[in-house]
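**Student:** Mind having a look at this structure? Questions to follow.
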Amino acid sequence: MTRRAITRRDFLASSAAVAASAAPMPRPAIAQAEPHVVVVGGGFAGASVARALKQLDRRIPVTLVEASRAFTACPFSNGVIAGMRDLSAQQFSYEKVVADGVVLAPGTANLVDAQARSLIVGDGVRLRYDRLVLAPGIDIRWDALPGYDEAAAERMPHAWKAGEQTLLLRRQLEAMEDGGLVVISAPANPFRCPPGPYERASLIAHYPKTKKPRSKLIVLDAKDAFSKQRLFQNAWKELYPGLLEWVSLSSGGKVTAVEPATNALVTDFGRHQAKVANVIPPQKAGRIAELAGVADRTGWCPIDPVTFESKLVPNIHVVGDATIAGGMPKSAFTANAQAKVCAAAVAKLLRGEAPAEPKLINTCYSLVAPDYGIHVAGVYRPVNGVLTEVEGSGGVSKADAPREVRAIEATFADSWFKTITSEVFG
Ligand SMILES: Cc1cc2nc3c(=O)[nH]c(=O)nc-3n(C[C@H](O)[C@H](O)[C@H](O)COP(=O)(O)OP(=O)(O)OC[C@H]3O[C@@H](n4cnc5c(N)ncnc54)[C@H](O)[C@@H]3O)c2cc1C
């Protein structure tokens, strides 16, 4: 990777990095010409906020704190699991973000002191901020599903954060004998990417259909309804008859425990012995949100839908999957849209101006097969403090569209991924 990773020394020296060591420090450590914005999390939301701020006003010093050296994108990672693409197609460097003038602070943000308006990165670098934007994505609720902990995830991967977990699930599918049973467990709402488990089921089914035709796939669901349900189920009948079965909550689909030693998933109605078990567990906002005090008892972060400022802690904004965003689903498209609104609001707030009321768009494409795409779209605006879908604004792909249209939608999905990743990282 060629990005310039700033060292601790650089970091302390960088003007606006406004940094000082964890040792007691006089505040502010360095006189700042402009108010400093720190963004935590360089994913679809955080990298977009950082870049958008620089594009709005290059004078605003912006520091991006990111735990990973490169970003690994979840959208299209189901294709990696199904052997349709390589993980490298999901990975992006921060080179261009830095080229825009954003100071990159590699490391994990571990602590936020909202009173002092500072945070600690890694082993003790302290950063001061005037406005902090948290965009940490999700964390797994390791205490929510009996039997499922970090060790269990090595046997029964979630693959809900792209990277090693994605490759682990792919390797397990590759190693499975023809005739094996794949079980996916899907969580209750809310969770990252509502159509994601069903796209994954589809693409995994496509893999045995073409390579291991005697295998079977079951989706055990903690819900009775899901995103683009009719479109998915129609496509499953057409493409994967007898191969893919969906078990709803009311039919006993909720997984109540897992047994990693035997690869079994337990429901109130019995045990499912899987050859490959993909457990998508309950989730919450990334841990730093809780540490900063911006997550509520649900584990997610309530925000003002005009500024994305936390409803719990002033001067901290939250964007992306970590938020409670009313009707907006947790998607990369949403994260990017929220980021632009948040950046515009932060720039205005720093100038003492009032942010404008936003309208935000989301579109989620899913692949049911490599040449079979479907979508759902919506427009959202704040209504009584909640992001609400504008009546009549959205919709889903037509139920009776011919296969040529599905094939065109698959190309739209591909173009969307290329466009968003080049906007955020390119
Ligand atoms: C299988 C799958 C398929 C999907 N498909 C689609 C799709 O087709 N379309 C779509 O729109 N969305 C899709 N999504 C959803 C999409 O991936 C997420 O909604 C999106 O990534 C959310 O962006 P984010 O910035 O909030 O979080 P992320 O993209 O996860 O970014 C969070 C970043 O914060 C960093 N971080 C976290 N905590 C800290 C910390 N304390 N210090 C420093 N860095 C930190 C992480 O390293 C990470 O880089 C899919 C998701 C999955 C799992």
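So you can find residues: chains in the structure tokens are A, B, ... in the order shown, residues in each start at 1, and ligands are numbered from 1 in order.
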Find the residues near stretch 140-154 of chain A: any atom within 8 Å, counting only C-alpha atoms, skip ones fewer than 2 places away on the same chain, and give them as a ChimeraX atom specification.
**Tutor:** /A:138,156-158,165,168,256-260,279,281-284
**Student:** Among the residues of stretch 92-300 of chain A, find those DSSP assigns to strand (DSSP E) from the backbone and print them as a VMD selection string.
**Tutor:** chain A and resid 92 103 to 106 109 to 113 118 to 121 125 to 128 131 to 134 138 to 140 181 to 186 216 to 221 244 to 247 255 to 259 264 to 267 270 to 273 276 to 279 283 to 285
**Student:** Leaving out A:Val306 and any residue of its chain fewer than 3 positions from it, which residues lie within 8 Å of it when counting only C-alpha atoms, given as a compact mmCIF listing (two decimals) with all heavy atoms, in the first residue's frame?
**Tutor:**
```txt
# COMPACT_ATOMS: atom_id res chain seq x y z
N VAL A 341 -24.73 15.16 4.28
CA VAL A 341 -25.61 16.06 5.03
C VAL A 341 -24.91 16.52 6.31
O VAL A 341 -24.91 17.70 6.66
CB VAL A 341 -26.95 15.35 5.36
CG1 VAL A 341 -27.78 16.16 6.35
CG2 VAL A 341 -27.75 15.10 4.07
N CYS A 342 -24.28 15.56 7.00
CA CYS A 342 -23.59 15.87 8.25
C CYS A 342 -22.44 16.86 8.00
O CYS A 342 -22.28 17.83 8.74
CB CYS A 342 -23.09 14.59 8.88
SG CYS A 342 -22.13 14.84 10.37
N ALA A 345 -23.74 20.28 7.45
CA ALA A 345 -24.24 20.85 8.71
C ALA A 345 -23.07 21.28 9.60
O ALA A 345 -23.09 22.37 10.17
CB ALA A 345 -25.11 19.81 9.42
N PRO A 355 -27.98 25.03 9.77
CA PRO A 355 -28.01 24.03 8.69
C PRO A 355 -29.40 23.95 8.05
O PRO A 355 -30.40 24.18 8.72
CB PRO A 355 -27.68 22.71 9.40
CG PRO A 355 -27.14 23.08 10.73
CD PRO A 355 -27.73 24.41 11.07
N ALA A 356 -29.39 23.61 6.75
CA ALA A 356 -30.66 23.49 6.03
C ALA A 356 -31.26 22.11 6.28
O ALA A 356 -30.54 21.14 6.51
CB ALA A 356 -30.41 23.69 4.55
N GLU A 357 -32.58 22.03 6.18
CA GLU A 357 -33.25 20.73 6.35
C GLU A 357 -32.97 19.84 5.13
O GLU A 357 -33.14 20.28 3.99
CB GLU A 357 -34.75 20.93 6.52
CG GLU A 357 -35.42 19.65 6.88
CD GLU A 357 -36.76 19.86 7.59
OE1 GLU A 357 -36.76 20.39 8.71
OE2 GLU A 357 -37.76 19.50 6.99
N PRO A 358 -32.50 18.64 5.34
CA PRO A 358 -32.07 17.81 4.20
C PRO A 358 -33.14 16.88 3.65
O PRO A 358 -34.16 16.62 4.29
CB PRO A 358 -30.98 16.94 4.83
CG PRO A 358 -31.47 16.73 6.24
CD PRO A 358 -32.22 17.97 6.63
N PRO A 382 -36.64 14.73 7.48
CA PRO A 382 -37.02 14.76 8.89
C PRO A 382 -38.49 15.14 9.06
O PRO A 382 -38.95 16.13 8.48
CB PRO A 382 -36.12 15.86 9.50
CG PRO A 382 -35.06 16.10 8.49
CD PRO A 382 -35.64 15.77 7.15
```
**Student:** What does the list of residues within 7 Å of ligand 1 look like if you count only C-alpha atoms and all ligand atoms, written as a PDB file with C-alpha atoms, in the first residue's frame?
**Tutor:**
```pdb
ATOM      1  CA  VAL A  40     -13.585   8.328  13.803  1.00  0.00           C
ATOM      2  CA  GLY A  41     -14.039   5.495  11.293  1.00  0.00           C
ATOM      3  CA  GLY A  42     -12.929   5.594   7.666  1.00  0.00           C
ATOM      4  CA  GLY A  43     -15.756   3.542   6.153  1.00  0.00           C
ATOM      5  CA  PHE A  44     -18.502   4.654   3.801  1.00  0.00           C
ATOM      6  CA  ALA A  45     -19.764   7.185   6.337  1.00  0.00           C
ATOM      7  CA  GLY A  46     -16.553   8.482   7.922  1.00  0.00           C
ATOM      8  CA  VAL A  65      -8.971   8.145  12.858  1.00  0.00           C
ATOM      9  CA  GLU A  66      -9.107   4.672  11.323  1.00  0.00           C
ATOM     10  CA  ALA A  67      -8.191   1.328  12.864  1.00  0.00           C
ATOM     11  CA  SER A  68      -7.370  -0.528   9.612  1.00  0.00           C
ATOM     12  CA  PHE A  71     -10.827  -0.380   3.999  1.00  0.00           C
ATOM     13  CA  ALA A  73     -16.084  -3.019   1.761  1.00  0.00           C
ATOM     14  CA  CYS A  74     -19.057  -5.228   2.654  1.00  0.00           C
ATOM     15  CA  PRO A  75     -21.217  -4.483  -0.427  1.00  0.00           C
ATOM     16  CA  PHE A  76     -20.477  -7.181  -3.005  1.00  0.00           C
ATOM     17  CA  SER A  77     -18.653  -9.282  -0.375  1.00  0.00           C
ATOM     18  CA  ASN A  78     -21.414 -11.886  -0.776  1.00  0.00           C
ATOM     19  CA  GLY A 107      -5.233   3.564  15.224  1.00  0.00           C
ATOM     20  CA  THR A 108      -8.290   2.766  17.276  1.00  0.00           C
ATOM     21  CA  ALA A 109     -10.105   5.507  19.132  1.00  0.00           C
ATOM     22  CA  ASN A 110     -10.442   4.114  22.646  1.00  0.00           C
ATOM     23  CA  ALA A 135     -18.741   6.687  12.080  1.00  0.00           C
ATOM     24  CA  PRO A 136     -17.693   3.354  13.589  1.00  0.00           C
ATOM     25  CA  GLY A 137     -20.180   1.107  11.804  1.00  0.00           C
ATOM     26  CA  ILE A 138     -21.343  -1.916  13.781  1.00  0.00           C
ATOM     27  CA  ALA A 159     -18.877 -12.563   7.694  1.00  0.00           C
ATOM     28  CA  TRP A 160     -20.820  -9.395   8.547  1.00  0.00           C
ATOM     29  CA  LYS A 161     -17.625  -7.326   8.655  1.00  0.00           C
ATOM     30  CA  ALA A 162     -15.789  -7.962   5.429  1.00  0.00           C
ATOM     31  CA  ARG A 192     -26.588  -3.814   8.953  1.00  0.00           C
ATOM     32  CA  CYS A 193     -27.924  -4.227   5.392  1.00  0.00           C
ATOM     33  CA  GLY A 196     -27.924  -8.702   2.895  1.00  0.00           C
ATOM     34  CA  PRO A 197     -28.749 -12.137   4.362  1.00  0.00           C
ATOM     35  CA  ARG A 200     -26.088 -13.988   0.556  1.00  0.00           C
ATOM     36  CA  GLY A 286     -19.404   0.278  17.011  1.00  0.00           C
ATOM     37  CA  ARG A 287     -17.964   0.223  20.540  1.00  0.00           C
ATOM     38  CA  ILE A 288     -16.615   3.773  20.560  1.00  0.00           C
ATOM     39  CA  VAL A 319     -23.362   8.885  10.891  1.00  0.00           C
ATOM     40  CA  GLY A 320     -23.787   5.578   9.115  1.00  0.00           C
ATOM     41  CA  ASP A 321     -24.798   2.208  10.505  1.00  0.00           C
ATOM     42  CA  ALA A 322     -24.301   3.311  14.117  1.00  0.00           C
ATOM     43  CA  LYS A 330     -28.304   0.663   7.395  1.00  0.00           C
ATOM     44  CA  SER A 331     -26.598   0.688   3.994  1.00  0.00           C
ATOM     45  CA  ALA A 332     -23.454   2.079   2.398  1.00  0.00           C
ATOM     46  CA  PHE A 333     -25.652   4.274   0.193  1.00  0.00           C
ATOM     47  CA  THR A 334     -27.348   5.681   3.320  1.00  0.00           C
ATOM     48  CA  ALA A 335     -24.002   6.115   5.110  1.00  0.00           C
ATOM     49  CA  THR A 363     -31.019   2.739  -3.102  1.00  0.00           C
ATOM     50  CA  CYS A 364     -30.080  -0.852  -2.259  1.00  0.00           C
ATOM     51  CA  TYR A 365     -29.317  -3.281  -5.061  1.00  0.00           C
ATOM     52  CA  SER A 366     -29.146  -7.008  -4.413  1.00  0.00           C
TER      53      SER A 366
END
```
**Student:** Would you list, as a PyMOL selection string, the residues of stretch 12-244 of chain A that end up in helix (DSSP H, G or I) under DSSP run on this structure's backbone?
**Tutor:** chain A and resi 12-13+15-17+44-56+77-81+87-90+95-99+152-155+164-175+196-211+229-239
**Student:** Would you pick out the contacts of A:Ile420 at 10 Å or less, using only C-alpha atoms, so that residues sharing its chain but fewer than 3 positions from it are not included, and give the list as a ChimeraX atom specification?
**Tutor:** /A:44,48,332-333,336,415-417,423-426
**Student:** With distances taken over only C-alpha atoms, which of A:Ser251, A:Ser185, A:Thr166, A:Asn234 is nearest to A:Asp221?
**Tutor:**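 Ranked by minimum distance to A:Asp221, first place goes to A:Ser185.
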**Student:** Quick one: contact table of stretch 264-324 of chain A to stretch 210-216 of chain A, 12 Å max, nearest atom pair and distance in Å to one decimal per residue, counting only C-alpha atoms, chain and number order, as JSON lines?
**Tutor:**
```
{"residue": "A:Ala274", "atom": "CA", "partner": "A:Lys216", "partner_atom": "CA", "distance": 10.0}
{"residue": "A:Lys275", "atom": "CA", "partner": "A:Ser215", "partner_atom": "CA", "distance": 9.9}
{"residue": "A:Val276", "atom": "CA", "partner": "A:Lys216", "partner_atom": "CA", "distance": 10.5}
```
